[in-house]
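S.K.: Structure in C-alpha cells, see below.
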Amino acid sequence: MTERELTLADYLAMLRRRWMLIVVLALAGGPLAYGVSRFLPDRYKSQTLVLVERPSVPERIVQSLDTEDLSQRLSSMQQQILSRSRLEPIITQFGLYSSDVNKIPMEDLVGRLQKAIEVNPILPMAETQSRQLPGFYVNVTMGNPRTAQQVCTAVTSMFIEENLRQRQEHSANTTDFLVSQLAEAKTNLDEQDAKLAAFKSHYLGSLPDQEKMNLDLLGNQSSQLEAATQALARAQQDKFLAESMLTQQVAAWQATQTGRSPETLEQQLSAMQTQLASLQSRYTDDYPDVIKTKNDIAALKKQIALNANQKAATDGSNTQKNALEPPQIAQLRAQVHNLDQVIAEKAKEQERIKQQIKLYQDRVQSSPAVEQQFKELTRGYQTALDSYNDLQKKRNEAEMYADLQRKQQGEQFRVLDPANLPDKPSFPNRPLFAAGGLGGGLALGLGIAFLLEMKDSSLKTERDVEFALRLPVLAMIPEIEPAPAENAMRKEEPVLVGVGAGSGKSE
C-alpha cells in the first residue's frame with residue numbers, strides 16, 4: 001500500500017478496520033487532558049481599558065508639536081515602563097514572587113513580570129478616517145486575583161503619568177530650542193538691519209528707488225545751468241555796454257575840464273570793446289580773435305591808466321577843484337560795480353550747478369551697481385526677517401501648547417474601565433483543555449492507525465492483488481464452502497485467476 005496511490009475507499013477501509021483504536025484514544029485524551037489541567041496552577045488576568053482623549057482645544061487653534069505616531073509613542077512608553085528600573089519597585093511594593101526572591105536573581109523575576117504584562121492597542125475602525133489609535137488594553141496575569149488587579153492598576157497609572165511627563169517634557173524642550181533659535185535669528189536680523197542702514201546712509205540719493213528723482217533733478221539742474229549761463233552772458237554784455245558808456249562819459253567830462261578833445265586812446269578802447277562784444281556773440285572765449293582783442297584791450301587800458309597817472313601828477317593843483325564827477329558818471333560806475341557783483345554771483349551759481357549736475361550724473365551712472373548691492377542686502381534682510389517671524393510664530397505656538405499640557409487640556413490617557421478583580425482563572429481553561437485532549441487523542445489515534453496500515457503487507461482488496469502481482473484479473477472463482485464436518489468454522493477468500501498479458505501463463 002505504501003507504493004501505490006491511495007483512494008478514498010482505501011482510507012474508509014482503514015477507518016473500518018481501526019475504528020476501535022481511534023475511538024479509544026480520542027475518548028481517553030479528553031479526560032486525561034482535563035486531569036492534567038487540575039494539576040496546573042491557576043492564573044488570573046486583570047484588564048484595564050485606557051482611551052486616548054483628543055485635545056479639548058482644536059488643533060487649528062493650538063497646533064500639536066507631536067511628530068511621532070501614537071502607536072510608536074505607546075511602544076516607546078511600553079519599553080520604558082517594562083524596564084527593570086520601573087518594574088523592580090512594583091515587585092518590592094506588592095511582594096511579588098516572595099518565595100523566589102532569595103532564590104532567583106532579580107533580572108529573572110523582572111523578566112517573569114514582563115511576560116505577565118501585555119499591552120494591546122485598539123485598532124481604529126475601518127469606517128473612521130482617523131488612523132490614530134483610540135486606546136489600548138493593559139492586561140496583567142498573576143497567580144492571585146487581588147495582586148493582578150493591584151499590579152494592573154499600578155502599570156496603568158505609570159502609562160498615564162509617563163504620557164503626561166513625556167508631553168510636558170517634549171513641549172518644554174521644543175520651547176527652549178525655539179527660544180535659543182529665536183535669539184540667534186534676532187542677532188542675525190539686527191546685523192542685517194545694521195548693514196542695510198549703513199548702506200542706505202552711505203549711498204543716500206543713489207538708491208534704486210531714488211533713480212527717477214535723480215533723473216528729474218538732473219534735468220532740472222540742466223535747465224538751471226542754461227538759465228544761469230544766459231543770465232551770465234546778459235550781465236557781461238550789460239557790463240560791456242555800461243563800461244563803454246562810462247568811458248565815453250569820462251572822456252567827455254575830462255575834455256570839458258581840460259578844454260581839449262577826448263583822447264584818441266579812449267576812442268580806440270571803446271571801439272575795441274565793441275569789437276570784442278561782437279566777437280563774443282559769435283565765438284567762444286577760446287577763439288584766437290577773441291583772445292587777441294582781449295589782450296589789445298588790456299594793453300590799451302594800461303596805457304590809459306599810465307597817462308592818467310601822469311596827468312594827475314602834473315595837474316595836482318586842479319585835482320581837488322575838479323574831483324567831483326557828474327552824476328551820470330557816478331551812476332554808470334555804480335552800474336558797472338553792480339554788474340560785476342551779478343557776474344560773480346552768476347559765475348558761482350553756474351559752478352555750483354555744474355557740481356550738482358556732476359553729482360547727479362555720478363549717482364545715475366552708479367545706480368546699477370548700487371541696485372545690485374542693495375538687492376543682495378535686501379534679500380539677506382528679508383530672509384532673516386522671515387526666519388525670525390517664523391520662529392516667533394512657532395515659539396508662540398509652542399508656549400500655547402506647553403500651557404495646554406500644564407492645564408492637562410491636551411491629548412491624554414483616560415481610564416474607561418478600571419482594573420477588574422477576576423473571579424475565575426483565565427488559565428487553565430479546563431473545558432478547553434478537555435476539548436484539546438479529545439482532539440489530540442483523535443489525531444493520535446488517526447496517526448497510529450495510519451502507521452499500522454502502512455506497515456501491514458497483507459492483501460485485502462483486488463487492487464492490492466493486481467498491484468502486487470502486476471497481472472490483470474481475468475475471472476473470479478466463487479468461494480466453495482467446505483463440508484461442515486471438516487471445517488465448520490473455516491471461511492475461505494475467493495480465488496482470483498489471472499493471466500499475464502503476453503505471457504500465456506495463468507494463475
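Within each chain, counting starts at residue 1; across the C-alpha cells, chains are named A, B, ... in the order shown, with ligands numbered 1 upward in that order.
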Residues near Glu191 (chain A), anyone? I mean within 12 Å using only C-alpha atoms, not counting same-chain ones fewer than 3 positions away, as a list in words.
M.R.: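 Residues meeting the cut-off are Glu184, Ala185, Lys186, Thr187, Asn188, Ala194, Lys195, Leu196, Ala197, Ala198, Leu377, Gly380, Tyr381, Ala384 and Leu385 of chain A.
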S.K.: May I have the selected residues written with N, CA and C atoms, as a CSV table (one decimal), in the first residue's frame?
M.R.:
```csv
chain,number,residue,atom,x,y,z
A,184,GLU,N,19.2,83.7,18.2
A,184,GLU,CA,20.1,83.7,17.1
A,184,GLU,C,19.6,84.4,15.9
A,185,ALA,N,18.3,84.2,15.6
A,185,ALA,CA,17.7,84.8,14.5
A,185,ALA,C,17.6,86.3,14.7
A,186,LYS,N,17.3,86.8,16.0
A,186,LYS,CA,17.2,88.2,16.3
A,186,LYS,C,18.6,88.9,16.1
A,187,THR,N,19.7,88.2,16.5
A,187,THR,CA,21.0,88.7,16.4
A,187,THR,C,21.3,88.9,14.9
A,188,ASN,N,21.0,87.8,14.1
A,188,ASN,CA,21.2,87.9,12.6
A,188,ASN,C,20.4,89.0,12.0
A,194,ALA,N,21.5,96.5,10.5
A,194,ALA,CA,22.6,97.5,10.6
A,194,ALA,C,23.3,97.6,9.3
A,195,LYS,N,23.6,96.5,8.6
A,195,LYS,CA,24.2,96.6,7.3
A,195,LYS,C,23.4,97.4,6.3
A,196,LEU,N,22.1,97.1,6.3
A,196,LEU,CA,21.2,97.8,5.4
A,196,LEU,C,21.1,99.3,5.7
A,197,ALA,N,21.1,99.6,7.0
A,197,ALA,CA,21.0,101.1,7.4
A,197,ALA,C,22.3,101.8,7.0
A,198,ALA,N,23.4,101.1,7.2
A,198,ALA,CA,24.7,101.7,6.8
A,198,ALA,C,24.8,101.9,5.3
A,377,LEU,N,21.6,92.9,-0.1
A,377,LEU,CA,21.4,93.2,1.3
A,377,LEU,C,19.9,93.1,1.6
A,380,GLY,N,19.1,89.4,1.9
A,380,GLY,CA,19.5,88.8,3.2
A,380,GLY,C,18.7,89.3,4.3
A,381,TYR,N,18.3,90.6,4.3
A,381,TYR,CA,17.5,91.1,5.4
A,381,TYR,C,16.1,90.5,5.4
A,384,ALA,N,16.3,86.9,6.7
A,384,ALA,CA,16.5,87.0,8.2
A,384,ALA,C,15.2,87.3,8.9
A,385,LEU,N,14.4,88.3,8.3
A,385,LEU,CA,13.2,88.7,8.8
A,385,LEU,C,12.1,87.6,8.8
```
S.K.: From region 66-285 of chain A, collect each residue whose DSSP state is strand (DSSP E or B) and return the set as a list of chain:residue names.
M.R.: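 Secondary structure check on region 66-285 of chain A, strand (DSSP E or B): A:Ile117, A:Glu118, A:Val119, A:Asn120, A:Pro121, A:Ile122, A:Gly135, A:Phe136, A:Tyr137, A:Val138, A:Asn139, A:Val140, A:Thr141, A:Met142.
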S.K.: Please measure the separation of CA of Leu82 (chain A) and CA of Gln114 (chain A), giving the value in Å to one decimal.
M.R.: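 Going from CA of Leu82 (chain A) over to CA of Gln114 (chain A) covers 6.2 Å.
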S.K.: Please, what distance in Å, to one decimal, runs between CA of Arg43 (chain A) and CA of Lys115 (chain A)?
M.R.: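 Here the two named atoms are 12.9 Å from each other.
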S.K.: Which one of A:Asn295, A:Asn144, A:Gln335, A:Ser201 sits closest to Leu241 (chain A) if you count only C-alpha atoms?
M.R.: A:Gln335
S.K.: Just give me the gap between CA of Leu225 (chain A) and CA of Lys348 (chain A) in Å, one decimal is fine.
M.R.: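 Separating CA of Leu225 (chain A) from CA of Lys348 (chain A) is a distance of 11.2 Å.
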S.K.: Can you tell me, as JSON, numbers by chain, what residues are no more than 10 Å from region 104-106 of chain A when counting only C-alpha atoms, ignoring any on the same chain fewer than 5 positions away?
M.R.: {"A": [84, 88, 91, 97, 99, 111, 112]}
S.K.: Once you have the residues from the selection above, write them out as a PDB file, in the first residue's frame, restricted to N, CA and C atoms.
M.R.:
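Saved file again-v3.pdb follows:
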```
ATOM      1  N   ARG A  84      13.628  47.301  33.911  1.00  0.00           N
ATOM      2  CA  ARG A  84      13.891  46.814  35.267  1.00  0.00           C
ATOM      3  C   ARG A  84      13.737  47.922  36.292  1.00  0.00           C
ATOM      4  N   GLU A  88      11.040  46.732  39.085  1.00  0.00           N
ATOM      5  CA  GLU A  88      11.598  46.234  40.355  1.00  0.00           C
ATOM      6  C   GLU A  88      10.909  46.852  41.562  1.00  0.00           C
ATOM      7  N   ILE A  91       7.680  44.921  42.136  1.00  0.00           N
ATOM      8  CA  ILE A  91       7.899  43.609  42.762  1.00  0.00           C
ATOM      9  C   ILE A  91       8.086  43.768  44.267  1.00  0.00           C
ATOM     10  N   TYR A  97       6.360  37.248  43.946  1.00  0.00           N
ATOM     11  CA  TYR A  97       7.317  36.128  43.895  1.00  0.00           C
ATOM     12  C   TYR A  97       8.132  36.077  45.199  1.00  0.00           C
ATOM     13  N   SER A  99       8.344  33.839  47.397  1.00  0.00           N
ATOM     14  CA  SER A  99       9.029  32.561  47.655  1.00  0.00           C
ATOM     15  C   SER A  99      10.296  32.401  46.828  1.00  0.00           C
ATOM     16  N   GLY A 111      11.965  39.653  34.379  1.00  0.00           N
ATOM     17  CA  GLY A 111      11.561  39.031  33.112  1.00  0.00           C
ATOM     18  C   GLY A 111      10.249  38.277  33.249  1.00  0.00           C
ATOM     19  N   ARG A 112      10.017  37.634  34.395  1.00  0.00           N
ATOM     20  CA  ARG A 112       8.761  36.925  34.616  1.00  0.00           C
ATOM     21  C   ARG A 112       7.605  37.908  34.672  1.00  0.00           C
TER      22      ARG A 112
END
```
S.K.: Closest to Ile22 (chain A) among A:Phe413, A:Phe39, A:Phe433, A:Phe450, using only C-alpha atoms?
M.R.: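 For Ile22 (chain A), the nearest of the given residues is A:Phe450.
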S.K.: With only C-alpha atoms as the basis for distance, which of A:Thr174, A:Thr378, A:Thr48, A:Gln79 is at the shortest distance from Asn396 (chain A)?
M.R.: A:Thr174
S.K.: Give me the residues near region 280-292 of chain A as a PDB file with C-alpha atoms, in the first residue's frame, where near means some atom within 12 Å (using only C-alpha atoms) and where sequence neighbours in that chain fewer than 5 positions away do not count.
M.R.:
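Output file out27.pdb follows:
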```
ATOM      1  CA  GLN A 230      22.243 133.043 -20.258  1.00  0.00           C
ATOM      2  CA  ALA A 233      26.073 136.357 -20.694  1.00  0.00           C
ATOM      3  CA  ARG A 234      23.485 139.117 -20.352  1.00  0.00           C
ATOM      4  CA  GLN A 236      28.584 140.531 -19.155  1.00  0.00           C
ATOM      5  CA  GLN A 237      27.006 142.236 -22.149  1.00  0.00           C
ATOM      6  CA  PHE A 240      30.369 145.900 -21.550  1.00  0.00           C
ATOM      7  CA  MET A 272      37.900 147.561 -29.324  1.00  0.00           C
ATOM      8  CA  GLN A 273      35.313 146.738 -26.654  1.00  0.00           C
ATOM      9  CA  THR A 274      32.557 146.981 -29.218  1.00  0.00           C
ATOM     10  CA  GLN A 275      34.506 144.650 -31.470  1.00  0.00           C
ATOM     11  CA  ILE A 297      42.106 145.989 -24.703  1.00  0.00           C
ATOM     12  CA  ALA A 298      44.167 145.115 -21.627  1.00  0.00           C
ATOM     13  CA  ALA A 299      47.247 146.835 -23.076  1.00  0.00           C
TER      14      ALA A 299
END
```
S.K.: Can you tell me, as a list in words, what residues are no more than 6 Å from Val52 (chain A) when counting only C-alpha atoms, ignoring any on the same chain fewer than 2 positions away?
M.R.: Pro134, Gly135, Gln412 and Phe413 of chain A
S.K.: Quick one: everything within 7 Å of Cys152 (chain A), counting only C-alpha atoms, minus sequence neighbours fewer than 5 positions away in the same chain. Send it as a list in words.
M.R.: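 Close residues of Cys152 (chain A): Ser46, Gln47, Val138, Asn139, Val140 and Ala419 of chain A.
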S.K.: My list of candidates is A:Leu218, A:Ala26, A:Ile81, A:Leu109. Which is closest to Val364 (chain A) when distances are computed with only C-alpha atoms?
M.R.: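 Among the listed residues, A:Leu218 lies closest to Val364 (chain A).
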